[in-house]
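**Q** File start14.cif below, mmCIF, C-alpha atoms (C1' of nucleotides):
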```
data_target
loop_
_atom_site.label_atom_id
_atom_site.label_comp_id
_atom_site.auth_asym_id
_atom_site.auth_seq_id
_atom_site.Cartn_x
_atom_site.Cartn_y
_atom_site.Cartn_z
CA MET A 19 -8.70 12.50 -5.39
CA GLU A 20 -9.52 10.03 -8.09
CA TRP A 21 -12.71 8.06 -7.71
CA LEU A 22 -13.50 4.64 -9.07
CA THR A 23 -16.84 3.07 -9.91
CA ILE A 24 -17.70 -0.26 -8.38
CA GLY A 25 -17.16 -1.90 -11.72
CA GLU A 26 -13.68 -0.48 -11.98
CA VAL A 27 -12.77 -1.66 -8.52
CA ALA A 28 -14.19 -5.05 -9.37
CA THR A 29 -12.17 -5.36 -12.58
CA ARG A 30 -8.95 -4.13 -11.05
CA SER A 31 -9.20 -6.13 -7.84
CA GLY A 32 -10.66 -9.29 -9.31
CA VAL A 33 -13.49 -9.21 -6.77
CA ALA A 34 -17.11 -9.25 -7.94
CA THR A 35 -19.26 -6.16 -7.54
CA SER A 36 -21.66 -8.15 -5.40
CA ALA A 37 -18.79 -8.99 -3.08
CA LEU A 38 -17.73 -5.36 -2.89
CA ARG A 39 -21.23 -4.28 -1.92
CA PHE A 40 -21.23 -7.08 0.60
CA TYR A 41 -17.92 -5.89 2.05
CA GLU A 42 -19.38 -2.44 2.32
CA THR A 43 -22.35 -3.66 4.35
CA LYS A 44 -19.80 -5.26 6.65
CA GLY A 45 -17.86 -2.04 7.01
CA LEU A 46 -14.71 -3.39 5.38
CA ILE A 47 -14.71 -0.70 2.73
CA SER A 48 -16.65 2.51 2.27
CA SER A 49 -17.71 4.82 -0.54
CA GLU A 50 -19.16 8.18 -1.40
CA ARG A 51 -22.24 8.51 -3.56
CA THR A 52 -22.84 10.48 -6.75
CA ASP A 53 -25.93 12.63 -7.24
CA GLY A 54 -27.46 9.59 -8.91
CA ASN A 55 -26.77 7.43 -5.83
CA GLN A 56 -23.96 5.43 -7.36
CA ARG A 57 -20.93 4.42 -5.34
CA ARG A 58 -17.56 6.02 -5.93
CA TYR A 59 -14.55 4.47 -4.20
CA PRO A 60 -11.28 6.17 -3.37
CA ARG A 61 -8.27 4.59 -5.02
CA ALA A 62 -7.03 3.31 -1.67
CA THR A 63 -9.94 0.89 -1.75
CA LEU A 64 -7.91 -1.23 -4.14
CA ARG A 65 -5.34 -1.78 -1.44
CA ARG A 66 -7.98 -2.47 1.15
CA VAL A 67 -9.54 -5.11 -1.03
CA ALA A 68 -6.14 -6.61 -1.72
CA LEU A 69 -5.54 -6.73 2.03
CA ILE A 70 -8.85 -8.44 2.53
CA ARG A 71 -8.03 -11.14 0.02
CA ALA A 72 -4.58 -11.58 1.48
CA GLY A 73 -6.03 -11.89 4.95
CA GLN A 74 -8.46 -14.50 3.75
CA GLU A 75 -5.59 -16.51 2.33
CA VAL A 76 -4.12 -16.49 5.79
CA GLY A 77 -7.38 -17.88 7.09
CA LEU A 78 -8.92 -14.78 8.61
CA SER A 79 -12.66 -14.31 8.60
CA LEU A 80 -14.20 -11.10 7.35
CA ALA A 81 -15.17 -10.26 10.91
CA GLU A 82 -11.55 -10.51 12.01
CA LEU A 83 -10.45 -8.52 9.01
CA ALA A 84 -12.96 -5.82 9.82
CA GLY A 85 -11.23 -5.45 13.16
CA ALA A 86 -7.78 -5.28 11.62
CA LEU A 87 -8.85 -2.84 8.91
CA GLU A 88 -10.49 -0.51 11.38
CA GLN A 89 -7.04 0.74 12.21
CA LEU A 90 -6.27 1.63 8.62
CA PRO A 91 -7.38 4.82 6.92
CA HIS A 92 -10.22 4.25 4.46
CA ASP A 93 -9.05 6.84 2.00
CA LYS A 94 -5.27 6.80 2.23
CA THR A 95 -2.53 4.36 1.43
CA PRO A 96 -1.49 2.54 4.60
CA THR A 97 1.96 3.35 5.81
CA LYS A 98 4.78 0.88 6.01
CA SER A 99 4.27 0.47 9.73
CA ASP A 100 0.56 -0.17 9.23
CA TRP A 101 1.45 -2.97 6.89
CA GLU A 102 4.21 -4.29 9.10
CA ARG A 103 1.86 -4.56 12.02
CA LEU A 104 -0.71 -6.50 10.02
CA SER A 105 1.70 -8.76 8.25
CA ASN A 106 3.49 -9.62 11.47
CA ALA A 107 0.21 -10.60 13.07
CA TRP A 108 -0.73 -12.69 10.09
CA ARG A 109 2.62 -14.41 9.97
CA THR A 110 2.24 -15.33 13.62
CA ARG A 111 -1.11 -16.79 12.81
CA LEU A 112 0.31 -18.81 9.97
CA ASP A 113 3.09 -20.06 12.24
CA THR A 114 0.50 -21.32 14.68
CA GLN A 115 -1.54 -23.02 12.01
CA ILE A 116 1.53 -24.68 10.58
CA ALA A 117 2.61 -25.92 13.98
CA GLU A 118 -0.79 -27.46 14.58
CA LEU A 119 -0.84 -29.26 11.28
CA VAL A 120 2.70 -30.52 11.77
CA ALA A 121 1.75 -31.90 15.16
CA LEU A 122 -1.24 -33.64 13.68
CA ARG A 123 0.82 -35.12 10.88
CA ASP A 124 3.45 -36.38 13.25
CA GLU A 125 0.83 -38.07 15.36
CA LEU A 126 -0.66 -39.63 12.30
CA THR A 127 2.74 -40.88 11.21
CA ASP A 128 3.20 -42.53 14.58
CA CYS A 129 -0.20 -44.11 14.21
CA ILE A 130 0.73 -45.70 10.93
CA GLY A 131 3.65 -47.35 12.63
CA CYS A 132 1.58 -48.69 15.47
CA GLY A 133 -1.33 -49.87 13.40
CA CYS A 134 -3.43 -47.95 15.84
CA LEU A 135 -6.15 -50.54 15.99
CA SER A 136 -6.65 -50.04 19.68
CA LEU A 137 -7.59 -46.36 19.33
CA LYS A 138 -7.46 -45.95 23.08
CA SER A 139 -4.02 -44.44 23.18
CA CYS A 140 -4.08 -42.81 19.78
CA ALA A 141 -3.70 -39.07 19.81
CA ILE A 142 -5.50 -38.70 16.52
CA PHE A 143 -8.54 -40.51 17.74
CA ASN A 144 -8.55 -38.69 21.02
CA PRO A 145 -7.81 -35.18 19.89
CA GLY A 146 -7.00 -32.41 22.28
CA ASP A 147 -7.23 -29.12 20.54
CA ALA A 148 -4.77 -29.36 17.67
CA ALA A 149 -5.72 -27.82 14.36
CA SER A 150 -8.70 -26.11 15.84
CA GLY A 151 -8.06 -22.81 14.13
CA LEU A 152 -8.52 -24.16 10.63
CA GLY A 153 -11.06 -23.16 8.09
CA THR A 154 -13.76 -20.60 8.04
CA GLY A 155 -16.64 -22.97 7.70
CA PRO A 156 -18.95 -24.65 10.17
CA ARG A 157 -15.91 -25.84 12.05
CA TYR A 158 -17.13 -23.81 14.98
CA LEU A 159 -19.83 -26.38 15.31
CA LEU A 160 -17.26 -28.96 16.24
CA GLY A 161 -15.07 -28.99 19.24
CA ASP A 162 -17.77 -28.50 21.82
CA SER A 163 -18.06 -31.95 23.21
CA ARG A 164 -15.24 -33.91 21.75
CA ASP A 165 -13.74 -34.63 25.14
CA ALA A 166 -15.80 -37.68 26.00
CA ALA A 167 -13.72 -40.82 25.62
CA ALA A 168 -13.76 -41.34 21.90
CA ALA A 169 -13.88 -45.07 21.48
CA GLU A 170 -12.54 -48.31 22.78
CA GLY A 171 -11.27 -51.63 21.53
CA MET B 25 -22.89 -59.24 17.83
CA GLU B 26 -23.34 -56.53 20.39
CA TRP B 27 -25.60 -53.66 19.46
CA LEU B 28 -25.50 -50.13 20.75
CA THR B 29 -28.27 -47.54 20.98
CA ILE B 30 -27.72 -44.16 19.40
CA GLY B 31 -27.34 -42.67 22.85
CA GLU B 32 -24.62 -45.12 23.74
CA VAL B 33 -22.73 -44.39 20.56
CA ALA B 34 -23.13 -40.68 21.23
CA THR B 35 -21.78 -40.94 24.78
CA ARG B 36 -18.89 -43.17 23.85
CA SER B 37 -17.86 -41.30 20.73
CA GLY B 38 -18.50 -37.80 21.98
CA VAL B 39 -20.68 -37.07 18.95
CA ALA B 40 -24.24 -35.83 19.41
CA THR B 41 -27.14 -38.08 18.49
CA SER B 42 -28.32 -35.52 15.99
CA ALA B 43 -24.93 -35.70 14.29
CA LEU B 44 -25.07 -39.49 14.21
CA ARG B 45 -28.46 -39.44 12.54
CA PHE B 46 -27.09 -36.87 10.15
CA TYR B 47 -24.11 -39.08 9.35
CA GLU B 48 -26.50 -41.92 8.68
CA THR B 49 -28.48 -39.88 6.16
CA LYS B 50 -25.16 -39.25 4.44
CA GLY B 51 -24.32 -42.93 4.36
CA LEU B 52 -21.29 -42.58 6.61
CA ILE B 53 -22.66 -45.06 9.13
CA SER B 54 -25.56 -47.49 9.10
CA SER B 55 -27.82 -49.23 11.58
CA GLU B 56 -30.40 -51.93 12.05
CA ARG B 57 -33.80 -51.20 13.55
CA THR B 58 -35.60 -52.76 16.50
CA ASP B 59 -39.24 -53.79 16.33
CA GLY B 60 -40.03 -50.37 17.76
CA ASN B 61 -38.09 -48.63 14.95
CA GLN B 62 -35.15 -47.59 17.07
CA ARG B 63 -31.61 -47.66 15.69
CA ARG B 64 -29.10 -50.24 16.86
CA TYR B 65 -25.50 -49.79 15.80
CA PRO B 66 -22.83 -52.47 15.55
CA ARG B 67 -19.85 -51.88 17.80
CA ALA B 68 -17.64 -51.15 14.80
CA THR B 69 -19.58 -47.94 14.40
CA LEU B 70 -17.51 -46.48 17.19
CA ARG B 71 -14.41 -46.87 15.07
CA ARG B 72 -16.14 -45.48 12.05
CA VAL B 73 -17.18 -42.42 13.96
CA ALA B 74 -13.68 -42.02 15.36
CA LEU B 75 -12.35 -42.22 11.82
CA ILE B 76 -14.80 -39.56 10.71
CA ARG B 77 -13.66 -37.18 13.44
CA ALA B 78 -10.04 -37.92 12.68
CA GLY B 79 -10.61 -37.27 9.00
CA GLN B 80 -12.28 -33.99 9.80
CA GLU B 81 -9.26 -32.96 11.82
CA VAL B 82 -7.22 -33.53 8.70
CA GLY B 83 -9.57 -31.24 6.84
CA LEU B 84 -11.68 -33.76 4.94
CA SER B 85 -15.30 -33.01 4.21
CA LEU B 86 -18.00 -35.52 5.05
CA ALA B 87 -18.47 -36.13 1.34
CA GLU B 88 -14.82 -37.06 0.98
CA LEU B 89 -15.01 -39.20 4.08
CA ALA B 90 -18.02 -41.00 2.71
CA GLY B 91 -15.88 -42.00 -0.25
CA ALA B 92 -13.03 -43.18 1.94
CA LEU B 93 -15.31 -45.09 4.30
CA GLU B 94 -17.08 -46.88 1.47
CA GLN B 95 -14.11 -49.18 1.31
CA LEU B 96 -14.38 -50.14 4.96
CA PRO B 97 -16.75 -52.78 6.30
CA HIS B 98 -19.69 -51.25 8.16
CA ASP B 99 -19.92 -54.01 10.71
CA LYS B 100 -16.36 -55.18 11.23
CA THR B 101 -13.18 -53.72 12.63
CA PRO B 102 -11.05 -52.38 9.79
CA THR B 103 -7.83 -54.27 9.25
CA LYS B 104 -4.41 -52.84 9.69
CA SER B 105 -4.03 -52.40 5.95
CA ASP B 106 -7.37 -50.60 5.74
CA TRP B 107 -6.11 -48.15 8.29
CA GLU B 108 -2.70 -47.85 6.71
CA ARG B 109 -4.22 -46.92 3.41
CA LEU B 110 -6.39 -44.24 4.94
CA SER B 111 -3.79 -42.79 7.23
CA ASN B 112 -1.21 -42.63 4.46
CA ALA B 113 -3.62 -40.72 2.28
CA TRP B 114 -4.42 -38.35 5.10
CA ARG B 115 -0.80 -37.78 5.91
CA THR B 116 -0.16 -36.90 2.29
CA ARG B 117 -2.94 -34.43 2.46
CA LEU B 118 -1.54 -32.88 5.60
CA ASP B 119 1.87 -32.65 3.96
CA THR B 120 0.34 -30.70 1.11
CA GLN B 121 -1.54 -28.36 3.39
CA ILE B 122 1.55 -27.70 5.42
CA ALA B 123 3.62 -26.99 2.34
CA GLU B 124 1.07 -24.48 1.13
CA LEU B 125 0.94 -22.64 4.42
CA VAL B 126 4.72 -22.57 4.67
CA ALA B 127 4.95 -21.08 1.20
CA LEU B 128 2.42 -18.45 2.13
CA ARG B 129 4.24 -17.60 5.33
CA ASP B 130 7.58 -17.30 3.55
CA GLU B 131 6.08 -14.94 1.03
CA LEU B 132 4.59 -12.91 3.82
CA THR B 133 7.94 -12.75 5.58
CA ASP B 134 9.54 -11.43 2.42
CA CYS B 135 6.82 -8.84 2.17
CA ILE B 136 7.54 -7.54 5.63
CA GLY B 137 11.09 -6.95 4.58
CA CYS B 138 10.17 -5.12 1.42
CA GLY B 139 7.43 -2.98 2.91
CA CYS B 140 5.38 -4.21 0.04
CA LEU B 141 3.74 -0.91 -0.57
CA SER B 142 3.81 -1.35 -4.31
CA LEU B 143 1.72 -4.51 -4.22
CA LYS B 144 2.42 -5.09 -7.89
CA SER B 145 5.16 -7.62 -7.37
CA CYS B 146 3.90 -9.04 -4.10
CA ALA B 147 3.08 -12.73 -4.16
CA ILE B 148 0.65 -12.39 -1.30
CA PHE B 149 -1.34 -9.74 -3.02
CA ASN B 150 -1.27 -11.55 -6.32
CA PRO B 151 -1.89 -15.09 -5.18
CA GLY B 152 -1.53 -18.00 -7.51
CA ASP B 153 -3.11 -21.00 -5.96
CA ALA B 154 -1.31 -21.48 -2.67
CA ALA B 155 -3.34 -22.50 0.33
CA SER B 156 -6.35 -23.27 -1.80
CA GLY B 157 -7.13 -26.53 -0.06
CA LEU B 158 -7.86 -24.92 3.27
CA GLY B 159 -11.06 -25.03 5.21
CA THR B 160 -14.35 -26.70 4.60
CA GLY B 161 -16.43 -23.57 4.46
CA PRO B 162 -17.54 -21.31 1.69
CA ARG B 163 -13.98 -21.15 0.48
CA TYR B 164 -15.21 -22.71 -2.74
CA LEU B 165 -16.80 -19.39 -3.42
CA LEU B 166 -13.40 -17.80 -3.74
CA GLY B 167 -10.78 -18.52 -6.29
CA ASP B 168 -12.96 -18.21 -9.33
CA SER B 169 -11.81 -14.92 -10.67
CA ARG B 170 -8.86 -13.94 -8.62
CA ASP B 171 -6.58 -13.85 -11.64
CA ALA B 172 -7.39 -10.34 -12.75
CA ALA B 173 -4.58 -7.97 -11.85
CA ALA B 174 -5.12 -7.36 -8.19
CA ALA B 175 -4.17 -3.79 -7.62
CA GLU B 176 -1.68 -1.20 -8.60
CA GLY B 177 0.31 1.59 -7.12
"C1'" DG C 7 -47.91 -51.26 34.48
"C1'" DC C 8 -46.64 -46.50 35.13
"C1'" DG C 9 -43.83 -42.59 34.47
"C1'" DA C 10 -39.52 -40.81 33.04
"C1'" DA C 11 -35.90 -41.00 29.94
"C1'" DA C 12 -34.60 -42.15 25.45
"C1'" DC C 13 -35.94 -42.57 20.89
"C1'" DT C 14 -38.52 -41.40 16.29
"C1'" DT C 15 -39.27 -38.15 12.06
"C1'" DC C 16 -39.39 -33.95 9.70
"C1'" DA C 17 -38.94 -29.15 9.09
"C1'" DA C 18 -36.58 -25.20 9.93
"C1'" DG C 19 -32.72 -22.55 11.93
"C1'" DT C 20 -27.53 -21.45 12.16
"C1'" DT C 21 -23.00 -19.47 10.24
"C1'" DA C 22 -19.87 -17.50 6.71
"C1'" DA C 23 -19.32 -15.38 2.53
"C1'" DC C 24 -21.15 -14.55 -1.04
"C1'" DT C 25 -24.25 -15.03 -5.53
"C1'" DT C 26 -28.47 -14.65 -8.05
"C1'" DC C 27 -32.65 -12.49 -9.25
"C1'" DA C 28 -36.10 -9.10 -9.99
"C1'" DT C 29 -37.08 -4.55 -10.62
"C1'" DA C 30 -35.75 0.04 -11.47
"C1'" DG C 31 -32.89 4.10 -12.12
"C1'" DG C 32 -28.24 6.29 -14.03
"C1'" DA C 33 -24.43 7.22 -17.38
"C1'" DA C 34 -22.30 7.42 -21.68
"C1'" DG C 35 -21.63 6.94 -26.72
"C1'" DC C 36 -23.34 8.38 -31.17
"C1'" DG D 15 -32.67 11.34 -27.62
"C1'" DC D 16 -32.04 6.58 -28.01
"C1'" DT D 17 -29.94 2.56 -26.92
"C1'" DT D 18 -27.01 -0.11 -24.18
"C1'" DC D 19 -24.33 -1.04 -20.51
"C1'" DC D 20 -23.68 0.00 -15.57
"C1'" DT D 21 -25.46 0.43 -11.15
"C1'" DA D 22 -28.84 0.23 -6.95
"C1'" DT D 23 -31.69 -2.34 -3.60
"C1'" DG D 24 -33.64 -6.03 -1.16
"C1'" DA D 25 -34.91 -10.64 -0.81
"C1'" DA D 26 -33.84 -15.15 -1.38
"C1'" DG D 27 -30.63 -18.97 -2.64
"C1'" DT D 28 -26.11 -21.66 -1.90
"C1'" DT D 29 -22.94 -24.92 0.81
"C1'" DA D 30 -21.34 -27.65 4.77
"C1'" DA D 31 -22.29 -29.67 8.90
"C1'" DC D 32 -24.97 -29.77 12.06
"C1'" DT D 33 -28.54 -28.17 15.88
"C1'" DT D 34 -33.10 -27.15 17.57
"C1'" DG D 35 -37.84 -27.85 18.10
"C1'" DA D 36 -42.22 -29.98 17.80
"C1'" DA D 37 -45.05 -33.78 18.30
"C1'" DG D 38 -45.38 -38.37 18.99
"C1'" DT D 39 -43.51 -43.50 20.19
"C1'" DT D 40 -40.41 -47.01 22.88
"C1'" DT D 41 -37.98 -48.78 26.40
"C1'" DC D 42 -36.57 -49.42 30.96
"C1'" DG D 43 -36.49 -49.35 35.91
"C1'" DC D 44 -39.14 -50.03 39.82
#
```
Using structure tokens, write down the structure from this file.

**A**
Amino acid sequence: MEWLTIGEVATRSGVATSALRFYETKGLISSERTDGNQRRYPRATLRRVALIRAGQEVGLSLAELAGALEQLPHDKTPTKSDWERLSNAWRTRLDTQIAELVALRDELTDCIGCGCLSLKSCAIFNPGDAASGLGTGPRYLLGDSRDAAAAEG
Amino acid sequence: MEWLTIGEVATRSGVATSALRFYETKGLISSERTDGNQRRYPRATLRRVALIRAGQEVGLSLAELAGALEQLPHDKTPTKSDWERLSNAWRTRLDTQIAELVALRDELTDCIGCGCLSLKSCAIFNPGDAASGLGTGPRYLLGDSRDAAAAEG
DNA sequence: GCGAAACTTCAAGTTAACTTCATAGGAAGC
DNA sequence: GCTTCCTATGAAGTTAACTTGAAGTTTCGC
């Protein structure tokens, strides 16, 4: 098997070495060590990293990706069915996200028509749970107590 | 004019008092003080807060919202044209986000068909800039150096 | 006019996904 | 064998959007 240094993986994947080490601490990728304690990655790591980046594009967190990648072999190329399973799941996720955003946009479009100065009946201003799966960030901090009546006229 | 305590605004808007204070430090809302140094908010603050939450649903950051809200009066109900301007801008933004996600999904669907085990020609694995406007989080940390050739067979 | 509930400020903690830095050891070319 | 680049580790910093906690002050109902 051919082994790659962390620098080589970084160059060829476009991911910084610091990120690769970080991924390793999270169990997303793994490596062997040389006698001098340096990491050596199997070639399949390139695919794993590519999968990670692709998953992130789809909006997955590293924690979620760790779960998905657990099922893939660390040191071999994933099979077609491995990839089909993942990509189907990700497409479903994208479909959901798209549907949520479309719903939000449609509500907003309605609001423009109505002027929406009353707010009471406006779906945008009294959100249910649309678009809740967006973004990796501190969005988890929202959505806890947004059910109280939002505002009035 | 009728003034509301921070607790009243919190209850009626569904936003925690700590968040309201935080918004105030960011200039998103403003208040007067009583003799005892307690905040009193004008009623229009309820609308402002509702607008903030709505904007967040659309994926805007507080910094962006601060810019948008600068144009609105702090102590009066925004006019219909104020709201039309904002909601049009937000709808445009949603349209863009949706288009990006749809593009990503379509690419992914193609990939399922092709098995995509070569990765070289796969749009998902060699992303351009689709879906770059997603999420508030540390997504700014990505996208700096993703142009290097992603992986190979 | 008393006690409880609400309010004040400020500092520090939280989460994700990394980066940056300091310090030190390894690998490779000539 | 020397120099230079690469790599290792661990701690701390970054960003957004808040929350939590501590320690003290106001306000309100009765």

**Q** Show me a table, sorted first by chain and then by increasing residue number, of the residues of chain D having an atom at most 10 Å from chain B, each with its shortest atom pair and the distance in Å to one decimal, counting all atoms listed in the file and written as a tab-separated table.

**A**
```
residue	atom	partner	partner_atom	distance
D:DT28	C1'	B:Pro162	CA	9.3
D:DT29	C1'	B:Pro162	CA	6.6
D:DA30	C1'	B:Gly161	CA	6.4
D:DA31	C1'	B:Leu86	CA	8.2
D:DC32	C1'	B:Ala43	CA	6.3
D:DT33	C1'	B:Ser42	CA	7.4
D:DT34	C1'	B:Ser42	CA	9.8
D:DT39	C1'	B:Gly60	CA	8.1
D:DT40	C1'	B:Gly60	CA	6.1
D:DT41	C1'	B:Gly60	CA	9.0
```

**Q** Take the PyMOL selection byres ((chain B and resi 70) around 9), apply it to the structure above, and return the hits as a ChimeraX atom specification.

**A** /A:168-170 /B:33,36-37,65-69,71-75

**Q** Using all atoms listed in the file, can you tell me which of B:Glu88, B:Glu26, B:Asp99, B:Glu81 comes closest to chain A?

**A** B:Glu81

**Q** For the contact check between chain C and chain B, emit one row per residue of chain C within 10 Å, containing the shortest atom pair and the distance in Å rounded to one decimal, counting all atoms listed in the file, chain then rising number order, as JSON lines.

**A**
```
{"residue": "C:DA12", "atom": "C1'", "partner": "B:Gly31", "partner_atom": "CA", "distance": 7.7}
{"residue": "C:DC13", "atom": "C1'", "partner": "B:Gln62", "partner_atom": "CA", "distance": 6.4}
{"residue": "C:DT14", "atom": "C1'", "partner": "B:Gln62", "partner_atom": "CA", "distance": 7.1}
{"residue": "C:DT21", "atom": "C1'", "partner": "B:Gly161", "partner_atom": "CA", "distance": 9.7}
{"residue": "C:DA22", "atom": "C1'", "partner": "B:Pro162", "partner_atom": "CA", "distance": 6.7}
{"residue": "C:DA23", "atom": "C1'", "partner": "B:Pro162", "partner_atom": "CA", "distance": 6.2}
{"residue": "C:DC24", "atom": "C1'", "partner": "B:Leu165", "partner_atom": "CA", "distance": 6.9}
{"residue": "C:DT25", "atom": "C1'", "partner": "B:Leu165", "partner_atom": "CA", "distance": 8.9}
```

**Q** Run the PyMOL selection byres ((chain B and resi 109) around 12) against the file shown and list the residues it catches, as number ranges by chain.

**A** A: 129-130, 133; B: 92-93, 95-96, 102-108, 110-116

**Q** Please enumerate the residues selected by the PyMOL selection byres ((chain D and resi 17) around 10) when evaluated against the supplied file, formatted as a ChimeraX atom specification.

**A** /C:35-36 /D:15-16,18-19
